[in-house]
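This is start14.txt (compact mmCIF, C-alpha atoms and all ligand atoms).
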# COMPACT_ATOMS: atom_id res chain seq x y z
CA MET A 1431 13.05 18.37 31.97
CA ASN A 1432 12.26 14.76 32.82
CA ARG A 1433 10.05 12.62 30.62
CA ARG A 1434 7.01 12.60 32.91
CA LYS A 1435 7.02 16.37 33.27
CA PHE A 1436 7.39 16.84 29.53
CA LEU A 1437 4.46 14.55 28.80
CA ARG A 1438 2.30 16.34 31.38
CA ILE A 1439 2.99 19.68 29.74
CA GLY A 1440 2.28 18.12 26.37
CA ALA A 1441 -1.09 16.87 27.55
CA LEU A 1442 -2.09 20.33 28.75
CA ALA A 1443 -1.06 22.12 25.61
CA SER A 1444 -3.08 22.88 22.46
CA PRO A 1445 -4.65 19.93 20.55
CA VAL A 1446 -2.03 20.17 17.82
CA PHE A 1447 0.80 20.10 20.32
CA ALA A 1448 -0.81 17.25 22.22
CA ALA A 1449 -1.34 15.34 19.01
CA LYS A 1450 2.24 15.82 17.92
CA ASN A 1451 3.48 14.62 21.25
CA SER A 1452 1.11 11.77 21.75
CA LEU A 1453 3.75 9.77 19.91
CA ALA A 1454 4.01 6.87 22.29
CA ASN A 1455 7.62 6.25 21.48
CA ASN A 1456 9.10 9.69 21.04
CA PHE A 1457 11.68 8.66 23.57
CA ASN A 1458 12.15 5.10 22.45
CA PRO A 1459 15.26 3.97 20.63
CA ILE A 1460 15.11 3.77 16.88
CA THR A 1461 13.64 0.51 15.56
CA LYS A 1462 15.55 -0.59 12.48
CA PRO A 1463 15.47 -2.40 10.27
CA ILE A 1464 11.70 -2.63 9.94
CA VAL A 1465 9.20 -3.26 7.13
CA VAL A 1466 5.47 -2.56 7.15
CA SER A 1467 3.01 -3.53 4.47
CA THR A 1468 -0.67 -3.30 3.68
CA TRP A 1469 -3.08 -6.11 4.54
CA ALA A 1470 -2.55 -9.48 6.18
CA ASN A 1471 -0.97 -10.90 3.06
CA GLY A 1472 1.83 -8.50 3.88
CA MET A 1473 3.11 -11.17 6.29
CA PRO A 1474 4.84 -13.34 3.67
CA VAL A 1475 5.79 -10.16 1.80
CA ASN A 1476 7.50 -8.83 4.93
CA ALA A 1477 9.21 -12.20 5.45
CA GLU A 1478 10.77 -11.88 2.01
CA ALA A 1479 11.83 -8.29 2.62
CA TRP A 1480 13.19 -9.27 6.03
CA LYS A 1481 15.66 -11.73 4.49
CA ILE A 1482 17.35 -8.70 2.94
CA LEU A 1483 16.85 -6.21 5.77
CA SER A 1484 18.14 -8.59 8.44
CA THR A 1485 21.35 -9.17 6.53
CA ASN A 1486 22.07 -5.45 6.20
CA GLY A 1487 20.63 -5.19 2.71
CA THR A 1488 19.06 -2.00 1.45
CA ALA A 1489 15.46 -0.97 1.99
CA LEU A 1490 15.20 -0.61 -1.79
CA ASP A 1491 16.16 -4.23 -2.45
CA ALA A 1492 13.90 -5.35 0.38
CA VAL A 1493 10.75 -3.63 -0.89
CA GLU A 1494 11.35 -4.88 -4.41
CA ALA A 1495 11.79 -8.45 -3.17
CA GLY A 1496 8.65 -8.19 -1.05
CA ALA A 1497 6.58 -6.89 -3.95
CA MET A 1498 7.96 -9.54 -6.30
CA HIS A 1499 6.94 -12.22 -3.86
CA ILE A 1500 3.26 -11.33 -4.04
CA GLU A 1501 3.44 -10.75 -7.79
CA ASN A 1502 4.30 -14.45 -8.02
CA GLU A 1503 1.18 -15.49 -6.11
CA ILE A 1504 -2.38 -15.96 -7.31
CA ASP A 1505 -3.96 -12.95 -5.64
CA CYS A 1506 -7.18 -11.14 -6.47
CA CYS A 1507 -5.48 -7.81 -6.61
CA VAL A 1508 -1.81 -8.08 -7.44
CA GLY A 1509 0.07 -9.52 -10.40
CA LEU A 1510 -1.03 -11.42 -13.45
CA GLY A 1511 -3.33 -13.67 -11.38
CA GLY A 1512 -5.38 -10.61 -10.39
CA TYR A 1513 -8.88 -9.66 -11.46
CA PRO A 1514 -9.14 -8.12 -14.93
CA ASP A 1515 -10.67 -4.87 -16.13
CA ARG A 1516 -14.09 -4.81 -17.77
CA ASP A 1517 -12.58 -5.90 -21.10
CA GLY A 1518 -11.12 -9.00 -19.45
CA LYS A 1519 -7.55 -7.69 -19.49
CA VAL A 1520 -5.26 -7.75 -16.46
CA THR A 1521 -3.47 -4.40 -16.34
CA LEU A 1522 -0.89 -3.79 -13.64
CA ASP A 1523 0.31 -0.67 -11.83
CA SER A 1524 3.49 -0.40 -9.77
CA CYS A 1525 6.04 2.05 -8.44
CA ILE A 1526 9.17 2.16 -6.35
CA MET A 1527 10.98 5.00 -4.58
CA ASP A 1528 14.24 5.21 -2.65
CA HIS A 1529 15.80 7.42 0.01
CA LYS A 1530 17.17 9.89 -2.53
CA ALA A 1531 13.78 10.51 -4.14
CA ASN A 1532 14.76 8.38 -7.10
CA CYS A 1533 11.56 6.82 -8.35
CA GLY A 1534 10.13 4.80 -11.21
CA ALA A 1535 6.70 3.54 -12.14
CA VAL A 1536 4.69 1.64 -14.70
CA ALA A 1537 0.95 1.87 -15.24
CA CYS A 1538 -1.54 -0.21 -17.16
CA ILE A 1539 1.16 -2.67 -18.17
CA GLU A 1540 0.01 -6.05 -19.50
CA ARG A 1541 1.55 -9.54 -19.60
CA ILE A 1542 4.55 -8.72 -17.43
CA LYS A 1543 5.00 -10.74 -14.25
CA HIS A 1544 7.03 -8.29 -12.20
CA PRO A 1545 5.92 -4.71 -12.81
CA VAL A 1546 7.79 -3.61 -9.68
CA SER A 1547 11.09 -4.64 -11.28
CA VAL A 1548 10.18 -2.82 -14.49
CA ALA A 1549 9.42 0.23 -12.33
CA ARG A 1550 12.87 -0.09 -10.81
CA LYS A 1551 14.42 -0.28 -14.28
CA VAL A 1552 12.52 2.88 -15.28
CA MET A 1553 14.02 4.52 -12.21
CA GLU A 1554 17.57 3.31 -12.80
CA LYS A 1555 17.87 3.24 -16.58
CA THR A 1556 15.79 6.12 -17.90
CA PRO A 1557 15.48 9.87 -17.25
CA HIS A 1558 11.73 9.31 -16.73
CA VAL A 1559 9.50 8.40 -13.81
CA LEU A 1560 6.41 6.80 -15.34
CA LEU A 1561 5.86 4.62 -18.42
CA VAL A 1562 2.39 3.43 -19.38
CA GLY A 1563 0.62 0.79 -21.44
CA ALA A 1564 2.21 -0.48 -24.63
CA GLY A 1565 5.28 1.72 -24.13
CA ALA A 1566 5.87 0.30 -20.68
CA GLN A 1567 5.51 -3.22 -22.03
CA GLN A 1568 7.91 -2.49 -24.90
CA PHE A 1569 10.46 -1.09 -22.43
CA ALA A 1570 10.08 -4.20 -20.26
CA VAL A 1571 10.65 -6.58 -23.16
CA GLU A 1572 13.65 -4.55 -24.38
CA ASN A 1573 15.08 -4.93 -20.89
CA GLY A 1574 14.78 -8.68 -20.83
CA PHE A 1575 11.37 -9.23 -19.22
CA THR A 1576 9.34 -12.10 -20.67
CA LEU A 1577 5.97 -11.45 -22.30
CA GLU A 1578 3.68 -13.85 -20.45
CA PRO A 1579 0.66 -15.52 -22.07
CA GLU A 1580 -2.60 -13.60 -21.85
CA VAL A 1581 -4.62 -15.92 -19.61
CA LEU A 1582 -6.72 -15.26 -16.54
CA SER A 1583 -6.06 -17.20 -13.35
CA GLU A 1584 -8.85 -19.58 -12.32
CA PRO A 1585 -10.20 -17.32 -9.51
CA ALA A 1586 -10.06 -14.32 -11.84
CA LYS A 1587 -11.89 -16.22 -14.59
CA LYS A 1588 -14.63 -17.17 -12.15
CA ALA A 1589 -14.98 -13.67 -10.72
CA TYR A 1590 -15.04 -12.10 -14.19
CA ALA A 1591 -17.71 -14.51 -15.45
CA GLU A 1592 -19.79 -13.64 -12.39
CA TRP A 1593 -19.23 -9.91 -12.88
CA LEU A 1594 -20.24 -10.09 -16.54
CA LYS A 1595 -23.75 -11.19 -15.53
CA LYS A 1596 -24.50 -7.64 -14.33
CA SER A 1597 -21.48 -5.73 -15.61
CA GLU A 1598 -21.87 -3.15 -12.86
CA TYR A 1599 -18.87 -1.27 -11.57
CA LYS A 1600 -19.46 -1.25 -7.84
CA PRO A 1601 -16.31 -1.32 -5.75
CA VAL A 1602 -16.98 -2.79 -2.33
CA ILE A 1603 -15.29 -1.82 0.88
CA ASN A 1604 -12.67 -4.38 1.64
CA ILE A 1605 -13.15 -6.01 5.02
CA GLU A 1606 -10.19 -7.98 6.25
CA ASN A 1607 -10.69 -7.86 9.98
CA MET A 1608 -9.05 -11.15 10.80
CA GLY A 1609 -12.37 -12.77 11.79
CA ALA A 1610 -13.88 -12.10 8.38
CA GLY A 1611 -13.59 -14.30 5.34
CA LYS A 1612 -13.07 -17.50 7.32
CA GLU A 1613 -14.32 -19.60 4.44
CA GLN A 1614 -11.96 -17.94 1.98
CA LYS A 1615 -9.06 -18.30 4.35
CA LYS A 1616 -9.78 -22.00 4.67
CA GLN A 1617 -9.47 -22.30 0.92
CA ASN A 1618 -6.67 -19.85 0.31
CA GLY A 1619 -4.48 -20.04 3.38
CA PRO A 1620 -4.09 -17.78 6.40
CA PHE A 1621 -2.84 -14.71 4.58
CA ALA A 1622 -5.20 -14.84 1.63
CA PRO A 1623 -7.18 -11.73 0.87
CA ALA A 1624 -10.93 -11.88 1.32
CA PHE A 1625 -12.47 -12.98 -1.96
CA PHE A 1626 -16.14 -12.31 -2.44
CA ASP A 1627 -18.06 -15.35 -3.65
CA ASP A 1628 -20.40 -13.39 -5.89
CA GLY A 1629 -17.57 -11.79 -7.81
CA THR A 1630 -18.17 -8.29 -6.45
CA VAL A 1631 -15.22 -5.99 -6.79
CA ASN A 1632 -12.53 -6.28 -4.19
CA HIS A 1633 -9.21 -4.53 -3.82
CA ASP A 1634 -6.10 -5.38 -1.91
CA THR A 1635 -3.11 -3.47 -3.23
CA MET A 1636 0.27 -4.37 -1.79
CA GLY A 1637 2.15 -1.32 -0.57
CA LEU A 1638 5.22 -1.65 1.60
CA VAL A 1639 7.71 0.72 3.13
CA ALA A 1640 10.94 -0.18 4.89
CA LEU A 1641 13.72 1.34 6.96
CA ASP A 1642 17.06 -0.44 6.61
CA SER A 1643 19.91 -0.92 9.04
CA VAL A 1644 21.70 2.24 7.94
CA GLY A 1645 18.52 4.27 8.38
CA ASN A 1646 17.40 4.71 4.77
CA LEU A 1647 13.75 4.51 3.76
CA SER A 1648 12.29 3.06 0.56
CA GLY A 1649 8.90 1.88 -0.63
CA ALA A 1650 7.12 -0.06 -3.38
CA VAL A 1651 3.55 -0.63 -4.49
CA THR A 1652 2.15 -3.26 -6.82
CA THR A 1653 -1.44 -3.91 -7.88
CA SER A 1654 -3.84 -4.98 -10.58
CA GLY A 1655 -5.94 -2.03 -9.45
CA MET A 1656 -9.68 -1.92 -8.96
CA ALA A 1657 -11.20 -4.99 -10.55
CA PHE A 1658 -13.47 -4.47 -13.57
CA LYS A 1659 -12.26 -0.90 -14.02
CA LEU A 1660 -12.46 0.83 -17.40
CA HIS A 1661 -9.67 -0.35 -19.67
CA GLY A 1662 -6.86 2.18 -19.33
CA ARG A 1663 -7.85 3.34 -15.85
CA VAL A 1664 -4.89 4.04 -13.58
CA GLY A 1665 -5.29 4.30 -9.82
CA ASP A 1666 -3.18 5.85 -7.12
CA SER A 1667 -0.76 2.95 -6.81
CA PRO A 1668 1.82 3.91 -9.49
CA ILE A 1669 1.51 7.64 -8.85
CA ILE A 1670 4.35 9.03 -6.78
CA GLY A 1671 2.79 11.17 -4.03
CA ALA A 1672 -0.51 9.32 -4.24
CA GLY A 1673 0.06 5.57 -3.71
CA LEU A 1674 3.61 5.97 -2.41
CA PHE A 1675 5.90 8.69 -1.15
CA VAL A 1676 9.30 8.50 0.51
CA ASP A 1677 11.25 11.35 2.04
CA ASN A 1678 14.34 10.23 3.86
CA GLU A 1679 14.07 13.04 6.42
CA ALA A 1680 10.37 12.87 7.20
CA GLY A 1681 9.18 9.34 6.52
CA ALA A 1682 7.44 7.13 4.00
CA ALA A 1683 3.82 6.25 3.33
CA THR A 1684 1.68 4.04 1.13
CA SER A 1685 -2.03 3.65 0.50
CA THR A 1686 -4.74 1.23 -0.48
CA GLY A 1687 -8.40 1.62 -1.36
CA THR A 1688 -10.25 3.73 -3.89
CA GLY A 1689 -7.34 5.24 -5.78
CA GLU A 1690 -9.23 8.19 -7.20
CA GLU A 1691 -9.82 9.57 -3.71
CA VAL A 1692 -6.14 9.20 -2.85
CA ILE A 1693 -5.02 10.95 -6.03
CA ARG A 1694 -7.36 13.89 -5.33
CA ILE A 1695 -5.52 14.75 -2.13
CA CYS A 1696 -2.01 13.57 -3.15
CA GLY A 1697 -2.51 11.19 -0.25
CA THR A 1698 0.89 9.78 0.67
CA HIS A 1699 2.68 13.05 0.00
CA LEU A 1700 0.26 14.65 2.42
CA VAL A 1701 0.91 11.95 5.04
CA VAL A 1702 4.66 12.46 4.73
CA GLU A 1703 4.30 16.23 4.99
CA PHE A 1704 2.27 15.79 8.17
CA MET A 1705 5.07 13.63 9.57
CA ARG A 1706 7.52 16.38 8.64
CA GLN A 1707 5.42 18.76 10.75
CA GLY A 1708 5.94 16.45 13.70
CA TYR A 1709 2.86 14.26 13.66
CA SER A 1710 3.20 10.59 14.49
CA PRO A 1711 2.71 8.19 11.56
CA GLU A 1712 -0.75 7.29 12.84
CA MET A 1713 -1.83 10.91 13.31
CA ALA A 1714 -0.44 11.83 9.90
CA CYS A 1715 -2.50 9.03 8.30
CA LYS A 1716 -5.56 10.10 10.27
CA LYS A 1717 -5.28 13.68 9.07
CA ALA A 1718 -5.06 12.55 5.45
CA VAL A 1719 -8.12 10.33 5.91
CA GLU A 1720 -9.97 13.29 7.43
CA ARG A 1721 -9.11 15.34 4.36
CA ILE A 1722 -10.83 12.77 2.13
CA VAL A 1723 -13.88 12.49 4.34
CA LYS A 1724 -14.24 16.26 4.68
CA ARG A 1725 -14.39 16.69 0.90
CA ASP A 1726 -17.48 14.52 0.53
CA LYS A 1727 -18.84 12.96 3.69
CA ALA A 1728 -21.66 11.05 2.01
CA LYS A 1729 -19.36 9.54 -0.60
CA ALA A 1730 -16.79 8.61 2.03
CA GLN A 1731 -19.38 6.34 3.70
CA THR A 1732 -19.36 4.21 0.58
CA LEU A 1733 -15.65 3.72 0.07
CA GLN A 1734 -12.45 2.68 1.76
CA VAL A 1735 -9.02 4.25 1.83
CA GLY A 1736 -6.25 3.17 4.17
CA PHE A 1737 -2.89 4.88 4.71
CA LEU A 1738 0.16 3.25 6.26
CA ALA A 1739 3.25 5.22 7.31
CA LEU A 1740 6.71 4.72 8.76
CA ASN A 1741 9.08 7.38 10.05
CA LYS A 1742 12.85 7.59 10.44
CA LYS A 1743 12.69 6.25 13.97
CA GLY A 1744 10.95 3.10 12.83
CA GLN A 1745 7.64 4.25 14.32
CA TYR A 1746 4.68 3.21 12.21
CA GLY A 1747 0.97 3.84 12.10
CA ALA A 1748 -2.09 3.53 9.90
CA TYR A 1749 -5.56 4.97 9.55
CA ALA A 1750 -8.51 4.13 7.34
CA ILE A 1751 -11.89 5.57 6.49
CA GLN A 1752 -13.72 2.38 7.44
CA LYS A 1753 -13.19 -0.58 9.67
CA GLY A 1754 -11.45 -3.53 8.04
CA PHE A 1755 -8.02 -2.27 7.02
CA VAL A 1756 -5.19 -4.31 8.49
CA PHE A 1757 -1.43 -4.08 8.03
CA SER A 1758 1.60 -6.28 8.68
CA VAL A 1759 4.77 -5.37 10.56
CA LYS A 1760 8.12 -7.11 10.77
CA SER A 1761 11.08 -6.03 12.86
CA GLU A 1762 13.42 -7.61 15.38
CA ARG A 1763 10.64 -7.15 17.95
CA GLU A 1764 7.47 -7.88 15.99
CA ASN A 1765 5.99 -10.11 13.32
CA VAL A 1766 2.31 -9.26 13.44
CA VAL A 1767 -0.84 -8.12 11.70
CA HIS A 1768 -2.40 -5.01 13.26
CA GLN A 1769 -5.90 -3.66 12.86
CA SER A 1770 -5.88 -0.09 11.64
CA LYS A 1771 -7.92 2.53 13.46
CA PHE A 1772 -10.67 4.08 11.38
CA LEU A 1773 -12.75 7.22 11.18
CA ILE A 1774 -16.28 6.05 10.35
N1 LIG B 1801 -5.62 1.63 -4.72
C1 LIG B 1801 -5.87 0.65 -5.74
C2 LIG B 1801 -6.43 1.32 -6.97
O1 LIG B 1801 -7.17 2.27 -6.85
C3 LIG B 1801 -6.81 -0.40 -5.33
C4 LIG B 1801 -6.48 -1.12 -4.06
O2 LIG B 1801 -5.98 -0.60 -3.12
O3 LIG B 1801 -6.70 -2.31 -4.01
O4 LIG B 1801 -6.17 0.86 -8.04

As structure tokens - that is how I would like this structure written.
Amino acid sequence: MNRRKFLRIGALASPVFAAKNSLANNFNPITKPIVVSTWANGMPVNAEAWKILSTNGTALDAVEAGAMHIENEIDCCVGLGGYPDRDGKVTLDSCIMDHKANCGAVACIERIKHPVSVARKVMEKTPHVLLVGAGAQQFAVENGFTLEPEVLSEPAKKAYAEWLKKSEYKPVINIENMGAGKEQKKQNGPFAPAFFDDGTVNHDTMGLVALDSVGNLSGAVTTSGMAFKLHGRVGDSPIIGAGLFVDNEAGAATSTGTGEEVIRICGTHLVVEFMRQGYSPEMACKKAVERIVKRDKAKAQTLQVGFLALNKKGQYGAYAIQKGFVFSVKSERENVVHQSKFLI
């Protein structure tokens, strides 16, 4: 059967069949290596990962390097420069997962610069998957990580002081639609996340997934979580199956947005399972978003969740509840920021 005939039959078939076969590049050659990451500040993150991927390094090393890069930056939502919780403490969540379903994570860890590397140590050196709080910090120190001073970055200090005036926990929907936040971008550079002047809560987790030159998938996530959260709150980001999931047969996915909603549906595991059923990365993300919206339509109007997925062929796609989610892609062919489609 030639390609045109096959596509015509696909278009006439049931919606599920059509959806599965609306994959634009079902017939395209595999794109690898490739790395995709959440938000526009995924561009420098991808560049770091690409140094490893383009020299035949592993997807695992690439995603760790990418995540470490942003952990070094002053960013509202990742690393020790991020916004604190309501007690003024910066608590970090991170996880990493490879092509053999090895995974490690840390949650609510304080004063450690590279939680993603601690997560990798948990994966490689312990029989466990997730360490939290003081125990995670103790493990990090025992493994040679430095305990950093407990100070807020200047932007975090400003935002926290502003937040304290009302002390209301009101996450806002992150809008990063390239045109938005011009003023902030002037101050913070082209890939800076959109900071809100009045200190309202923003979120901008870094999640990245990569396919390396031998065809293995891996992923990593790193975040300071929702700003001004309750002390001890853990979001989706360090939870395997919520903020990140990798299956070397089906694909890999990551998420950003209101973590509680992602955890409720085991978001990235769901996306990967949809890819296993044959859906394109974009359709798989869309179906997971629909699951969230269906549960509580009214609530979904007030929050944002974005999923980003990559399959074994190097096809990628994203979907969000609201407008404003963007993601970055780097391969031999592309080095771009894409706007995600959205449901509402
Ligand atoms: N998903 C993160 C969390 O709930 C927040 C974000 O994406 O920025 O902690």

(message) With only C-alpha atoms as the counted atoms, please give the residues lying no more than 12 Å from Glu1478 (chain A), apart from itself and same-chain residues fewer than 3 positions off, as JSON, numbers by chain.
(response) {"A": [1465, 1466, 1467, 1471, 1472, 1473, 1474, 1475, 1481, 1482, 1483, 1484, 1485, 1487, 1489, 1491, 1492, 1493, 1494, 1495, 1496, 1497, 1498, 1499, 1500, 1638, 1760]}

Kindly provide, as a tab-separated table (two decimals) with C-alpha atoms, in the frame of the given file, all nucleotide and amino acid residues lying within 8 Å of ligand LIG 1801 (chain B), counting all atoms listed in the file.
chain	number	residue	atom	x	y	z
A	1507	CYS	CA	-5.48	-7.81	-6.61
A	1523	ASP	CA	0.31	-0.67	-11.83
A	1632	ASN	CA	-12.53	-6.28	-4.19
A	1633	HIS	CA	-9.21	-4.53	-3.82
A	1634	ASP	CA	-6.10	-5.38	-1.91
A	1635	THR	CA	-3.11	-3.47	-3.23
A	1636	MET	CA	0.27	-4.37	-1.79
A	1653	THR	CA	-1.44	-3.91	-7.88
A	1654	SER	CA	-3.84	-4.98	-10.58
A	1655	GLY	CA	-5.94	-2.03	-9.45
A	1656	MET	CA	-9.68	-1.92	-8.96
A	1664	VAL	CA	-4.89	4.04	-13.58
A	1665	GLY	CA	-5.29	4.30	-9.82
A	1666	ASP	CA	-3.18	5.85	-7.12
A	1667	SER	CA	-0.76	2.95	-6.81
A	1673	GLY	CA	0.06	5.57	-3.71
A	1685	SER	CA	-2.03	3.65	0.50
A	1686	THR	CA	-4.74	1.23	-0.48
A	1687	GLY	CA	-8.40	1.62	-1.36
A	1688	THR	CA	-10.25	3.73	-3.89
A	1689	GLY	CA	-7.34	5.24	-5.78
A	1690	GLU	CA	-9.23	8.19	-7.20
A	1692	VAL	CA	-6.14	9.20	-2.85
A	1735	VAL	CA	-9.02	4.25	1.83

(request) Show which residues sit within 6 Å of Thr1698 (chain A), as a PyMOL selection string. Count all atoms listed in the file, and ignore same-chain residues fewer than 2 positions away. (result) chain A and resi 1671-1672+1674-1675+1683-1684+1700-1701

(request) Quick one: residues within 12 Å of (13.7, 4.6, 0.6) (file frame), counting only C-alpha atoms, please, as a VMD selection string. (result) chain A and resid 1464 to 1465 1488 to 1494 1526 to 1533 1638 to 1650 1674 to 1683 1740 to 1742

Per-residue nearest contacts region 1444-1549 of chain A to region 1571-1581 of chain A, cut-off 9 Å, using all atoms listed in the file, as CSV:
residue,atom,partner,partner_atom,distance
A:Leu1510,CA,A:Val1581,CA,8.4
A:Gly1511,CA,A:Val1581,CA,8.6
A:Lys1519,CA,A:Glu1580,CA,8.1
A:Val1520,CA,A:Glu1580,CA,8.4
A:Glu1540,CA,A:Glu1580,CA,8.3
A:Arg1541,CA,A:Glu1578,CA,4.9
A:Ile1542,CA,A:Leu1577,CA,5.8
A:Lys1543,CA,A:Glu1578,CA,7.1
A:His1544,CA,A:Phe1575,CA,8.3
A:Val1548,CA,A:Phe1575,CA,8.1
